[in-house]
file upload_17.txt (compact mmCIF, C-alpha atoms)
# COMPACT_ATOMS: atom_id res chain seq x y z
CA MET A 1 -61.18 25.90 21.99
CA ILE A 2 -60.66 22.34 20.74
CA PRO A 3 -59.20 23.12 17.30
CA GLU A 4 -60.36 20.02 15.41
CA LEU A 5 -63.94 20.32 16.69
CA ARG A 6 -63.99 24.05 16.02
CA SER A 7 -62.74 23.59 12.45
CA ARG A 8 -65.28 20.83 11.79
CA PHE A 9 -68.16 22.87 13.23
CA ASN A 10 -67.27 26.03 11.30
CA ALA A 11 -66.86 24.14 8.01
CA ALA A 12 -70.27 22.47 8.38
CA PHE A 13 -72.11 25.58 9.55
CA THR A 14 -74.88 27.02 7.38
CA GLN A 15 -77.27 29.87 7.99
CA ALA A 16 -80.15 27.49 7.31
CA LYS A 17 -79.06 25.26 10.21
CA TYR A 18 -78.86 28.26 12.51
CA GLU A 19 -82.32 29.46 11.51
CA ALA A 20 -83.77 25.99 12.10
CA PHE A 21 -82.08 25.93 15.52
CA THR A 22 -83.51 29.30 16.59
CA LYS A 23 -86.94 28.41 15.20
CA ASP A 24 -86.92 25.21 17.25
CA ILE A 25 -86.22 27.20 20.45
CA GLU A 26 -88.99 29.70 19.68
CA GLU A 27 -91.59 27.10 18.73
CA ARG A 28 -91.01 24.97 21.82
CA TYR A 29 -93.08 27.40 23.91
CA ARG A 30 -94.35 29.71 21.17
CA HIS A 31 -92.08 32.31 22.73
CA LYS A 32 -89.04 34.13 21.37
CA PRO A 33 -86.05 34.60 23.69
CA GLY A 34 -85.39 38.23 24.61
CA PHE A 35 -81.68 37.90 23.84
CA ASN A 36 -79.50 36.84 20.94
CA LEU A 37 -78.74 33.15 20.44
CA ALA A 38 -75.16 32.53 19.37
CA GLU A 39 -74.57 30.51 16.24
CA THR A 40 -72.26 28.12 18.04
CA PRO A 41 -71.66 26.35 21.32
CA VAL A 42 -68.15 26.29 22.78
CA PHE A 43 -66.02 23.14 22.96
CA ILE A 44 -64.04 23.19 26.20
CA PRO A 45 -60.91 21.05 26.62
CA SER A 46 -60.39 18.97 29.75
CA ALA A 47 -57.56 21.18 31.06
CA LEU A 48 -59.78 24.27 31.07
CA ARG A 49 -62.71 22.25 32.46
CA ASP A 50 -60.53 21.17 35.38
CA ALA A 51 -59.29 24.75 35.92
CA LEU A 52 -62.89 26.02 36.00
CA ALA A 53 -63.85 23.36 38.56
CA ALA A 54 -60.81 24.21 40.69
CA ALA A 55 -61.66 27.91 40.47
CA CYS A 56 -65.19 27.18 41.69
CA ASP A 57 -63.85 25.19 44.63
CA ASP A 58 -61.44 28.01 45.50
CA VAL A 59 -64.12 30.68 45.30
CA CYS A 60 -66.65 28.64 47.30
CA SER A 61 -64.20 28.16 50.16
CA LEU A 62 -65.06 31.73 51.22
CA PHE A 63 -68.72 30.81 51.69
CA LEU A 64 -67.83 27.81 53.84
CA ARG A 65 -66.16 30.04 56.41
CA PRO A 66 -68.16 30.24 59.66
CA ASP A 67 -67.79 34.04 59.66
CA PHE A 68 -69.02 34.63 56.11
CA LYS A 69 -72.39 36.00 57.22
CA GLN A 70 -70.56 38.47 59.43
CA LEU A 71 -68.26 39.45 56.55
CA SER A 72 -71.20 40.01 54.22
CA GLU A 73 -73.52 41.80 56.66
CA GLY A 74 -72.66 45.16 55.10
CA ALA A 75 -74.09 43.98 51.78
CA LEU A 76 -77.65 43.90 53.10
CA GLN A 77 -79.58 47.02 52.21
CA PRO A 78 -81.96 48.75 54.67
CA GLY A 79 -85.56 48.17 53.70
CA GLN A 80 -84.63 45.18 51.53
CA ILE A 81 -83.96 42.53 54.19
CA VAL A 82 -86.21 39.48 53.99
CA ALA A 83 -87.15 37.42 57.06
CA ASN A 84 -86.28 33.78 57.70
CA GLU A 85 -82.92 33.76 55.95
CA SER A 86 -81.43 30.35 55.11
CA GLU A 87 -78.06 29.15 56.37
CA HIS A 88 -76.54 29.25 52.89
CA PRO A 89 -77.56 30.16 49.35
CA MET A 90 -79.41 27.55 47.32
CA PHE A 91 -78.02 28.75 44.00
CA LEU A 92 -74.61 30.09 43.04
CA VAL A 93 -73.58 31.30 39.61
CA VAL A 94 -69.95 32.25 39.00
CA ASP A 95 -68.90 34.15 35.87
CA PHE A 96 -65.37 33.59 34.59
CA GLY A 97 -63.72 35.41 31.73
CA ILE A 98 -61.50 33.11 29.70
CA CYS A 99 -58.11 34.78 29.54
CA GLU A 100 -54.63 33.98 28.30
CA GLY A 101 -52.08 32.89 30.90
CA ASP A 102 -48.38 33.71 30.98
CA ASN A 103 -47.57 30.59 28.98
CA GLY A 104 -50.36 31.03 26.45
CA GLU A 105 -52.74 28.64 28.20
CA LEU A 106 -56.41 29.51 28.74
CA ILE A 107 -57.23 30.40 32.35
CA PRO A 108 -60.47 31.41 34.13
CA GLN A 109 -60.64 34.78 35.88
CA LEU A 110 -63.62 35.76 38.03
CA VAL A 111 -65.83 38.51 36.61
CA GLU A 112 -68.83 38.37 38.94
CA ILE A 113 -70.63 36.03 41.31
CA GLN A 114 -74.27 35.84 42.38
CA GLY A 115 -76.10 33.96 45.11
CA PHE A 116 -79.13 33.93 42.84
CA PRO A 117 -80.61 31.48 40.32
CA SER A 118 -79.77 31.86 36.66
CA LEU A 119 -81.27 30.18 33.59
CA PHE A 120 -81.02 26.66 34.97
CA CYS A 121 -83.85 25.16 32.92
CA TYR A 122 -83.34 27.15 29.73
CA GLN A 123 -79.67 26.20 29.52
CA HIS A 124 -80.60 22.53 29.54
CA LEU A 125 -83.11 23.14 26.75
CA LEU A 126 -80.49 25.11 24.82
CA ALA A 127 -77.90 22.33 25.04
CA GLU A 128 -80.35 19.70 23.82
CA THR A 129 -81.41 21.94 20.92
CA TYR A 130 -77.83 22.61 19.82
CA LYS A 131 -77.19 18.86 19.73
CA ARG A 132 -80.38 18.23 17.78
CA HIS A 133 -79.41 20.64 15.00
CA TYR A 134 -75.61 20.42 14.74
CA GLU A 135 -74.35 16.93 13.96
CA THR A 136 -70.71 17.96 14.51
CA ILE A 137 -71.22 18.14 18.30
CA PRO A 138 -69.88 14.84 19.69
CA ALA A 139 -72.60 12.84 21.45
CA HIS A 140 -70.34 12.09 24.44
CA TYR A 141 -69.57 15.77 25.11
CA THR A 142 -71.83 17.15 27.87
CA HIS A 143 -72.81 20.49 29.34
CA LEU A 144 -73.44 18.91 32.75
CA PHE A 145 -71.11 18.04 35.64
CA ASN A 146 -70.60 15.44 38.35
CA GLY A 147 -71.89 12.57 36.24
CA LEU A 148 -75.34 14.07 35.78
CA ASP A 149 -77.48 13.05 32.82
CA SER A 150 -80.70 14.80 31.80
CA GLU A 151 -82.86 12.88 34.25
CA GLY A 152 -80.43 13.41 37.14
CA TYR A 153 -80.11 17.11 36.38
CA ILE A 154 -83.85 17.73 36.36
CA ASP A 155 -84.18 15.67 39.53
CA ILE A 156 -81.68 17.81 41.47
CA LEU A 157 -83.51 20.95 40.33
CA LYS A 158 -86.83 19.50 41.44
CA ARG A 159 -85.43 18.68 44.87
CA ALA A 160 -83.97 22.16 45.27
CA VAL A 161 -86.89 24.17 43.91
CA ILE A 162 -89.93 22.12 44.93
CA GLY A 163 -88.54 20.83 48.23
CA GLY A 164 -90.98 17.95 48.60
CA HIS A 165 -94.14 20.04 48.15
CA ASN A 166 -96.92 19.55 45.65
CA PRO A 167 -95.65 21.51 42.60
CA GLU A 168 -98.86 23.57 42.45
CA ASN A 169 -97.94 25.02 45.88
CA VAL A 170 -94.56 26.21 44.58
CA ILE A 171 -94.28 29.26 42.34
CA LEU A 172 -91.61 31.01 40.32
CA LEU A 173 -92.04 34.65 41.38
CA GLU A 174 -91.23 37.59 39.08
CA ILE A 175 -92.55 41.01 38.08
CA GLU A 176 -94.63 40.68 34.88
CA PRO A 177 -92.79 37.46 34.01
CA GLU A 178 -93.87 37.29 30.35
CA LYS A 179 -92.24 40.69 29.73
CA GLN A 180 -88.84 39.84 31.21
CA THR A 181 -85.80 39.39 28.96
CA THR A 182 -85.24 35.94 30.48
CA SER A 183 -88.89 34.86 30.21
CA ILE A 184 -88.00 31.86 28.02
CA ASP A 185 -86.48 30.32 31.16
CA PHE A 186 -89.79 30.70 33.01
CA PHE A 187 -91.57 28.69 30.32
CA ALA A 188 -88.80 26.08 30.45
CA THR A 189 -89.06 25.94 34.26
CA ARG A 190 -92.82 25.43 34.12
CA ASP A 191 -92.33 22.64 31.59
CA MET A 192 -89.44 20.84 33.33
CA LEU A 193 -90.38 21.28 36.99
CA GLY A 194 -94.16 21.59 36.76
CA ILE A 195 -94.46 24.84 38.72
CA PRO A 196 -96.32 27.99 37.58
CA PHE A 197 -94.74 31.39 37.18
CA VAL A 198 -96.66 34.17 38.93
CA CYS A 199 -96.42 37.95 38.95
CA LEU A 200 -95.87 39.58 42.33
CA THR A 201 -99.00 41.70 41.84
CA LYS A 202 -101.18 38.59 41.46
CA LEU A 203 -100.43 37.24 44.94
CA LYS A 204 -103.10 37.54 47.62
CA LYS A 205 -102.29 37.70 51.32
CA GLU A 206 -104.47 36.66 54.24
CA GLY A 207 -102.62 37.13 57.50
CA ARG A 208 -99.28 35.37 56.96
CA THR A 209 -100.60 33.10 54.19
CA LEU A 210 -100.10 33.69 50.46
CA TYR A 211 -102.33 32.55 47.60
CA TYR A 212 -102.42 32.78 43.82
CA THR A 213 -105.34 32.08 41.49
CA ASP A 214 -104.70 29.32 38.96
CA GLU A 215 -106.04 29.13 35.40
CA ASN A 216 -109.16 27.33 36.66
CA GLY A 217 -110.00 30.11 39.10
CA ARG A 218 -108.91 28.19 42.22
CA ASN A 219 -107.08 29.94 45.04
CA ILE A 220 -103.90 27.92 45.66
CA GLN A 221 -101.78 28.39 48.76
CA VAL A 222 -98.14 29.28 48.13
CA LYS A 223 -95.88 27.21 50.36
CA ARG A 224 -92.53 27.76 48.61
CA ILE A 225 -91.18 30.54 46.36
CA PHE A 226 -88.54 30.14 43.67
CA ASN A 227 -87.58 33.80 43.67
CA ARG A 228 -86.47 35.46 40.42
CA ILE A 229 -87.18 39.09 41.41
CA ILE A 230 -84.21 41.45 41.35
CA PHE A 231 -84.63 44.08 44.07
CA ASP A 232 -83.29 46.80 41.75
CA ASP A 233 -86.11 46.05 39.30
CA LEU A 234 -88.67 46.01 42.09
CA LEU A 235 -87.59 49.38 43.49
CA ALA A 236 -87.70 50.94 40.02
CA ARG A 237 -91.35 49.95 39.54
CA LYS A 238 -93.16 52.67 41.44
CA ASP A 239 -96.36 51.77 39.58
CA LEU A 240 -96.74 48.31 41.09
CA VAL A 241 -99.64 47.64 43.45
CA SER A 242 -99.30 44.43 45.43
CA GLU A 243 -100.74 42.90 48.60
CA PHE A 244 -97.44 41.12 49.23
CA HIS A 245 -94.02 42.67 49.65
CA LEU A 246 -90.84 40.60 49.72
CA THR A 247 -89.98 41.93 53.15
CA ASP A 248 -93.30 40.73 54.65
CA ASP A 249 -92.94 37.97 57.24
CA VAL A 250 -95.13 35.27 55.71
CA GLU A 251 -95.44 31.50 56.05
CA VAL A 252 -93.47 30.45 52.98
CA GLU A 253 -90.19 28.70 52.28
CA TRP A 254 -87.69 30.27 49.91
CA ALA A 255 -86.00 28.29 47.15
CA GLY A 256 -83.17 30.75 47.00
CA HIS A 257 -83.58 33.25 49.84
CA PRO A 258 -83.53 36.85 48.52
CA ASN A 259 -80.89 38.06 51.03
CA TRP A 260 -78.23 35.98 49.27
CA PHE A 261 -78.61 38.17 46.18
CA PHE A 262 -76.85 40.86 48.23
CA ARG A 263 -74.53 38.75 50.37
CA ILE A 264 -72.97 37.06 47.34
CA SER A 265 -72.56 39.72 44.69
CA LYS A 266 -70.01 42.31 43.59
CA HIS A 267 -69.82 43.14 47.29
CA THR A 268 -68.01 39.82 47.74
CA LEU A 269 -65.23 40.42 45.17
CA PRO A 270 -62.75 42.29 47.43
CA LEU A 271 -62.99 39.50 50.01
CA PHE A 272 -61.35 36.91 47.76
CA ASP A 273 -57.67 36.04 47.83
CA SER A 274 -57.31 33.67 44.91
CA PRO A 275 -55.27 33.33 41.71
CA TYR A 276 -58.60 33.03 39.90
CA VAL A 277 -59.87 36.42 41.13
CA PRO A 278 -58.48 39.75 39.86
CA LYS A 279 -57.73 42.11 42.73
CA SER A 280 -60.68 44.26 43.76
CA TYR A 281 -61.12 47.12 46.23
CA TYR A 282 -64.08 48.74 47.93
CA MET A 283 -63.93 52.36 46.79
CA ASP A 284 -64.41 53.70 50.31
CA GLN A 285 -61.50 51.55 51.53
CA LEU A 286 -59.11 52.23 48.66
CA PRO A 287 -55.70 52.98 50.24
CA ALA A 288 -54.60 55.13 47.28
CA MET A 289 -55.56 55.74 43.68
CA PRO A 290 -53.83 53.10 41.50
CA ASP A 291 -51.06 54.53 39.33
CA ASP A 292 -52.33 52.30 36.51
CA LEU A 293 -56.03 53.19 36.72
CA GLU A 294 -56.39 52.24 33.05
CA ASN A 295 -55.99 48.62 34.15
CA TYR A 296 -59.10 48.71 36.36
CA VAL A 297 -62.89 48.67 35.90
CA LEU A 298 -65.24 50.78 38.03
CA LYS A 299 -68.37 48.88 39.05
CA PRO A 300 -71.44 49.76 41.13
CA LEU A 301 -72.10 47.10 43.74
CA TYR A 302 -75.81 46.84 43.04
CA SER A 303 -76.53 46.71 39.34
CA PHE A 304 -77.50 44.06 36.83
CA ALA A 305 -76.47 43.18 33.26
CA GLY A 306 -73.48 45.53 33.26
CA MET A 307 -75.45 48.70 34.00
CA GLY A 308 -73.30 51.52 35.38
CA VAL A 309 -69.96 49.80 34.72
CA ILE A 310 -67.15 52.06 33.47
CA VAL A 311 -64.60 49.98 31.56
CA ASN A 312 -62.01 52.71 31.13
CA PRO A 313 -62.36 54.93 34.22
CA THR A 314 -60.55 58.23 34.52
CA PRO A 315 -59.51 59.94 37.78
CA GLU A 316 -62.48 62.24 37.20
CA ASP A 317 -64.85 59.26 37.01
CA VAL A 318 -63.53 58.00 40.33
CA ALA A 319 -63.69 61.44 41.93
CA ASN A 320 -67.29 61.89 40.76
CA VAL A 321 -68.58 58.76 42.49
CA GLU A 322 -71.20 60.11 44.88
CA ASP A 323 -71.24 57.14 47.25
CA PRO A 324 -67.88 55.29 47.24
CA SER A 325 -69.27 52.65 49.62
CA ASN A 326 -71.44 51.42 46.74
CA TYR A 327 -68.61 50.98 44.21
CA ILE A 328 -65.59 48.76 43.68
CA LEU A 329 -62.50 48.98 41.52
CA GLN A 330 -61.65 45.63 39.93
CA ARG A 331 -58.45 44.91 38.04
CA LYS A 332 -59.13 44.32 34.36
CA MET A 333 -58.69 40.96 32.76
CA ARG A 334 -57.55 40.44 29.21
CA TYR A 335 -59.95 38.11 27.46
CA ALA A 336 -58.44 35.68 24.98
CA PRO A 337 -59.89 35.64 21.44
CA ALA A 338 -60.58 31.99 22.11
CA VAL A 339 -63.27 30.99 19.60
CA PRO A 340 -62.54 31.32 15.86
CA THR A 341 -65.69 32.22 13.93
CA LEU A 342 -66.40 32.96 10.29
CA ASP A 343 -65.01 36.48 10.78
CA ASP A 344 -63.44 37.87 13.98
CA PRO A 345 -62.73 35.49 16.88
CA ALA A 346 -65.07 35.70 19.87
CA LYS A 347 -64.24 36.21 23.52
CA VAL A 348 -65.83 33.93 26.10
CA GLU A 349 -67.43 34.24 29.52
CA ILE A 350 -68.46 30.99 31.19
CA ARG A 351 -71.00 30.99 33.99
CA MET A 352 -70.58 27.99 36.24
CA MET A 353 -73.93 27.08 37.78
CA MET A 354 -74.18 25.42 41.18
CA VAL A 355 -76.93 24.09 43.45
CA TRP A 356 -76.50 23.98 47.23
CA GLU A 357 -79.27 21.77 48.53
CA GLU A 358 -80.64 22.26 52.03
CA GLY A 359 -78.54 20.34 54.52
CA ALA A 360 -75.71 19.69 52.06
CA ALA A 361 -72.13 20.40 53.14
CA ARG A 362 -71.26 22.43 50.04
CA PRO A 363 -72.60 23.44 46.61
CA VAL A 364 -72.46 21.07 43.64
CA LEU A 365 -71.51 22.12 40.12
CA VAL A 366 -74.31 21.14 37.71
CA ASN A 367 -74.41 23.20 34.49
CA ASN A 368 -72.97 26.16 32.60
CA LEU A 369 -73.88 29.20 30.57
CA VAL A 370 -71.67 30.81 27.93
CA ARG A 371 -71.74 34.32 26.54
CA LEU A 372 -69.80 35.09 23.38
CA SER A 373 -68.70 38.64 22.68
CA LYS A 374 -66.72 40.66 20.15
CA GLY A 375 -67.16 43.99 21.96
CA ILE A 376 -65.55 45.48 25.07
CA MET A 377 -68.22 43.78 27.22
CA THR A 378 -70.64 40.90 26.77
CA GLY A 379 -73.86 42.94 26.78
CA VAL A 380 -76.10 43.32 23.74
CA ARG A 381 -75.31 47.01 23.33
CA TYR A 382 -71.61 46.19 22.95
CA ASN A 383 -72.23 43.59 20.23
CA LYS A 384 -74.73 45.22 17.90
CA ASP A 385 -74.59 44.07 14.29
CA ARG A 386 -72.17 41.27 15.15
CA THR A 387 -72.69 37.57 14.47
CA TRP A 388 -71.59 34.53 16.49
CA VAL A 389 -72.20 36.44 19.72
CA GLY A 390 -74.71 36.13 22.55
CA SER A 391 -76.19 33.28 24.56
CA SER A 392 -74.54 29.88 24.24
CA ILE A 393 -73.35 26.86 26.23
CA GLY A 394 -70.17 24.91 26.74
CA PHE A 395 -69.75 21.25 25.88
CA PHE A 396 -66.91 19.71 27.84
CA GLU A 397 -64.33 17.20 26.69
CA PRO A 398 -64.80 13.98 28.69
call {"tool": "encode", "arguments": {"input": "upload_17.txt", "output": "structure tokens"}}
result
Amino acid sequence: MIPELRSRFNAAFTQAKYEAFTKDIEERYRHKPGFNLAETPVFIPSALRDALAAACDDVCSLFLRPDFKQLSEGALQPGQIVANESEHPMFLVVDFGICEGDNGELIPQLVEIQGFPSLFCYQHLLAETYKRHYETIPAHYTHLFNGLDSEGYIDILKRAVIGGHNPENVILLEIEPEKQTTSIDFFATRDMLGIPFVCLTKLKKEGRTLYYTDENGRNIQVKRIFNRIIFDDLLARKDLVSEFHLTDDVEVEWAGHPNWFFRISKHTLPLFDSPYVPKSYYMDQLPAMPDDLENYVLKPLYSFAGMGVIVNPTPEDVANVEDPSNYILQRKMRYAPAVPTLDDPAKVEIRMMMVWEEGAARPVLVNNLVRLSKGIMTGVRYNKDRTWVGSSIGFFEP
């Protein structure tokens, strides 16, 4: 997006550099990421950086409203409500598609939002590895916000996740964590924050107290949970046997309370009134079928990684929705071919990553995640056999 940096990077790129970069990531934890690593980071000019920050402020104003919990109550699903909900989410991740404005400028448009942690530790590792292997990335360009350096970034994550406890009493909770697509982030989290990752089925419960067994065979009390379990995944695993269920009322703190996964989600999109948010409608509250249905996307409220999304819905698709209360129609955005590569230009989604510490007045922008795509969506299945696509990060002009 910064032409001179893009030209310099592309001219200096070699396949050998890329292979050394990916090998470095894999060897760090003797673990291969379950997703494609893009050949390039993205260089983001100051004007777009400022627009992204303004868009985050605009979007977050909804969550500062005193009636937001009331507005989002319908998002909570029966049988999936967890006790002891926090006053606000601890983590917010906001996905913006980078589109072309009326005057040719690049503008952010909201794709999705989640009150759920993303790859906070892995993205920091990724940024450092890009810089180590590509000398054309300017040293003074950063992936972080609000004046954070590496030490400050890790410190804010430790405060949010560990919350003053002994790290051994804090766990990252997932289902079969080593098998998850995002498992590289669990290894990075263990390394950076000093907390173990534990499978739900390995937890033991005595009354309202939870324990896990460490590698030395000791039973360690769990006092705080950094939750990474997606309820959809949990419900799909009928084979799981566990003493602890997320909905049990136990004596633990939540670093990211599970209820916010529902409260801040696709369910939130129709509530926004912002120039950064394409118009969205709850299907069961749609006043009339849009005359230009081809300009909308049909999305299930509760899905992950693009599952169930219909990019080019027909009237029949809309009519065949069995439960309209669980779907939205969102106006399409036109992604800009913003990143020249060695063949076709790539489209960009930027995930802005925020931490809202306990007792803080509002969330703070800390990091970012970029996905590059040459297909109709950013998912792997839409970008098969393409290069310069997949997981990346943005470096921002100072």
call {"tool": "residues_around", "arguments": {"input": "upload_17.txt", "residues": "Tyr211 of chain A", "least_positions_apart": "2", "cutoff": "7 Å", "atoms": "all atoms listed in the file", "output": "PyMOL selection string"}}
result
chain A and resi 203-205+209+213+219-222
call {"tool": "residues_around", "arguments": {"input": "upload_17.txt", "residues": "segment 140-153 of chain A", "least_positions_apart": "2", "cutoff": "9 Å", "atoms": "only C-alpha atoms", "output": "list of chain:residue names"}}
result
A:Phe43, A:Gln123, A:His124, A:Ala127, A:Ile137, A:Pro138, A:Asp155, A:Ile156, A:Leu157, A:Lys158, A:Val364, A:Leu365, A:Val366, A:Asn367, A:Asn368, A:Leu369, A:Ile393, A:Gly394, A:Phe395, A:Phe396, A:Glu397, A:Pro398
call {"tool": "residues_around", "arguments": {"input": "upload_17.txt", "residues": "Cys60 of chain A", "least_positions_apart": "2", "cutoff": "12 Å", "atoms": "all atoms listed in the file", "output": "PyMOL selection string"}}
result
chain A and resi 53-58+62-65+68+88-89+91-94+113-115+264+268+271-274+276+352+354-356+361-365
call {"tool": "closest_residue", "arguments": {"input": "upload_17.txt", "among": "A:Glu294, A:Phe35, A:Ser72, A:Pro324", "to": "Asn312 of chain A", "atoms": "only C-alpha atoms"}}
result
A:Glu294
call {"tool": "residues_around", "arguments": {"input": "upload_17.txt", "residues": "Leu240 of chain A", "least_positions_apart": "4", "cutoff": "10 Å", "atoms": "all atoms listed in the file", "output": "ChimeraX atom specification"}}
result
/A:175,200-201,234-236
call {"tool": "residues_around", "arguments": {"input": "upload_17.txt", "residues": "Ser7 of chain A", "least_positions_apart": "3", "cutoff": "12 Å", "atoms": "only C-alpha atoms", "output": "list in words"}}
result
Met1, Ile2, Pro3, Glu4, Asn10, Ala11, Ala12, Phe13, Thr40, Val42, Phe43, Thr136, Ile137, Val339, Pro340, Thr341 and Leu342 of chain A
call {"tool": "atom_distance", "arguments": {"input": "upload_17.txt", "atom1": "atom CA of Pro33 of chain A", "atom2": "atom CA of Thr181 of chain A"}}
result
7.1 Å
call {"tool": "closest_residue", "arguments": {"input": "upload_17.txt", "among": "A:Met90, A:Ala338, A:Leu210, A:Met192", "to": "Phe226 of chain A", "atoms": "all atoms listed in the file"}}
result
A:Met90
call {"tool": "closest_residue", "arguments": {"input": "upload_17.txt", "among": "A:Asn103, A:Thr314, A:Asn259, A:Asn36", "to": "Gln80 of chain A", "atoms": "all atoms listed in the file"}}
result
A:Asn259
call {"tool": "closest_residue", "arguments": {"input": "upload_17.txt", "among": "A:Ile350, A:Val170, A:Leu246, A:Ala160", "to": "Lys223 of chain A", "atoms": "all atoms listed in the file"}}
result
A:Val170
call {"tool": "residues_near_point", "arguments": {"input": "upload_17.txt", "point": "(-87.7, 21.9, 32.2)", "cutoff": "8 Å", "atoms": "all atoms listed in the file", "output": "ChimeraX atom specification"}}
result
/A:121-122,124-125,154,188-194
call {"tool": "atom_distance", "arguments": {"input": "upload_17.txt", "atom1": "atom CA of Ile195 of chain A", "atom2": "atom CA of Glu174 of chain A"}}
result
13.2 Å
call {"tool": "atom_distance", "arguments": {"input": "upload_17.txt", "atom1": "atom CA of His133 of chain A", "atom2": "atom CA of Ala38 of chain A"}}
result
13.4 Å
call {"tool": "closest_residue", "arguments": {"input": "upload_17.txt", "among": "A:Ile171, A:Ala360, A:Ile44, A:Ile184", "to": "Phe197 of chain A", "atoms": "all atoms listed in the file"}}
result
A:Ile171
call {"tool": "closest_residue", "arguments": {"input": "upload_17.txt", "among": "A:Asp317, A:Glu100, A:Glu206, A:Glu19", "to": "Met333 of chain A", "atoms": "only C-alpha atoms"}}
result
A:Glu100
call {"tool": "build_atoms", "arguments": {"input": "upload_17.txt", "residues": "segment 321-337 of chain A", "atoms": "N, CA and C atoms", "output": "PDB file, keeping the file's coordinate frame"}}
result
ATOM      1  N   VAL A 321     -67.712  59.761  41.852  1.00  0.00           N
ATOM      2  CA  VAL A 321     -68.580  58.760  42.490  1.00  0.00           C
ATOM      3  C   VAL A 321     -69.192  59.360  43.754  1.00  0.00           C
ATOM      4  N   GLU A 322     -70.522  59.436  43.777  1.00  0.00           N
ATOM      5  CA  GLU A 322     -71.200  60.110  44.880  1.00  0.00           C
ATOM      6  C   GLU A 322     -71.153  59.309  46.172  1.00  0.00           C
ATOM      7  N   ASP A 323     -71.236  57.992  46.048  1.00  0.00           N
ATOM      8  CA  ASP A 323     -71.240  57.140  47.250  1.00  0.00           C
ATOM      9  C   ASP A 323     -70.200  56.036  47.068  1.00  0.00           C
ATOM     10  N   PRO A 324     -68.937  56.291  47.450  1.00  0.00           N
ATOM     11  CA  PRO A 324     -67.880  55.290  47.240  1.00  0.00           C
ATOM     12  C   PRO A 324     -68.152  53.951  47.906  1.00  0.00           C
ATOM     13  N   SER A 325     -68.992  53.920  48.955  1.00  0.00           N
ATOM     14  CA  SER A 325     -69.270  52.650  49.620  1.00  0.00           C
ATOM     15  C   SER A 325     -70.078  51.707  48.734  1.00  0.00           C
ATOM     16  N   ASN A 326     -70.637  52.231  47.653  1.00  0.00           N
ATOM     17  CA  ASN A 326     -71.440  51.420  46.740  1.00  0.00           C
ATOM     18  C   ASN A 326     -70.714  51.094  45.443  1.00  0.00           C
ATOM     19  N   TYR A 327     -69.389  51.257  45.426  1.00  0.00           N
ATOM     20  CA  TYR A 327     -68.610  50.980  44.210  1.00  0.00           C
ATOM     21  C   TYR A 327     -67.359  50.176  44.558  1.00  0.00           C
ATOM     22  N   ILE A 328     -66.886  49.427  43.559  1.00  0.00           N
ATOM     23  CA  ILE A 328     -65.590  48.760  43.680  1.00  0.00           C
ATOM     24  C   ILE A 328     -64.742  49.094  42.457  1.00  0.00           C
ATOM     25  N   LEU A 329     -63.440  48.990  42.636  1.00  0.00           N
ATOM     26  CA  LEU A 329     -62.500  48.980  41.520  1.00  0.00           C
ATOM     27  C   LEU A 329     -61.989  47.551  41.377  1.00  0.00           C
ATOM     28  N   GLN A 330     -62.110  46.997  40.182  1.00  0.00           N
ATOM     29  CA  GLN A 330     -61.650  45.630  39.930  1.00  0.00           C
ATOM     30  C   GLN A 330     -60.612  45.652  38.815  1.00  0.00           C
ATOM     31  N   ARG A 331     -59.508  44.952  39.046  1.00  0.00           N
ATOM     32  CA  ARG A 331     -58.450  44.910  38.040  1.00  0.00           C
ATOM     33  C   ARG A 331     -58.979  44.242  36.769  1.00  0.00           C
ATOM     34  N   LYS A 332     -58.664  44.837  35.632  1.00  0.00           N
ATOM     35  CA  LYS A 332     -59.130  44.320  34.360  1.00  0.00           C
ATOM     36  C   LYS A 332     -58.514  42.964  34.059  1.00  0.00           C
ATOM     37  N   MET A 333     -59.237  42.197  33.302  1.00  0.00           N
ATOM     38  CA  MET A 333     -58.690  40.960  32.760  1.00  0.00           C
ATOM     39  C   MET A 333     -58.633  41.085  31.244  1.00  0.00           C
ATOM     40  N   ARG A 334     -57.719  40.390  30.654  1.00  0.00           N
ATOM     41  CA  ARG A 334     -57.550  40.440  29.210  1.00  0.00           C
ATOM     42  C   ARG A 334     -58.113  39.161  28.607  1.00  0.00           C
ATOM     43  N   TYR A 335     -59.305  39.279  28.046  1.00  0.00           N
ATOM     44  CA  TYR A 335     -59.950  38.110  27.460  1.00  0.00           C
ATOM     45  C   TYR A 335     -59.158  37.607  26.257  1.00  0.00           C
ATOM     46  N   ALA A 336     -59.093  36.289  26.136  1.00  0.00           N
ATOM     47  CA  ALA A 336     -58.440  35.680  24.980  1.00  0.00           C
ATOM     48  C   ALA A 336     -59.444  35.602  23.822  1.00  0.00           C
ATOM     49  N   PRO A 337     -59.008  35.869  22.604  1.00  0.00           N
ATOM     50  CA  PRO A 337     -59.890  35.640  21.440  1.00  0.00           C
ATOM     51  C   PRO A 337     -59.957  34.144  21.162  1.00  0.00           C
TER      52      PRO A 337
END
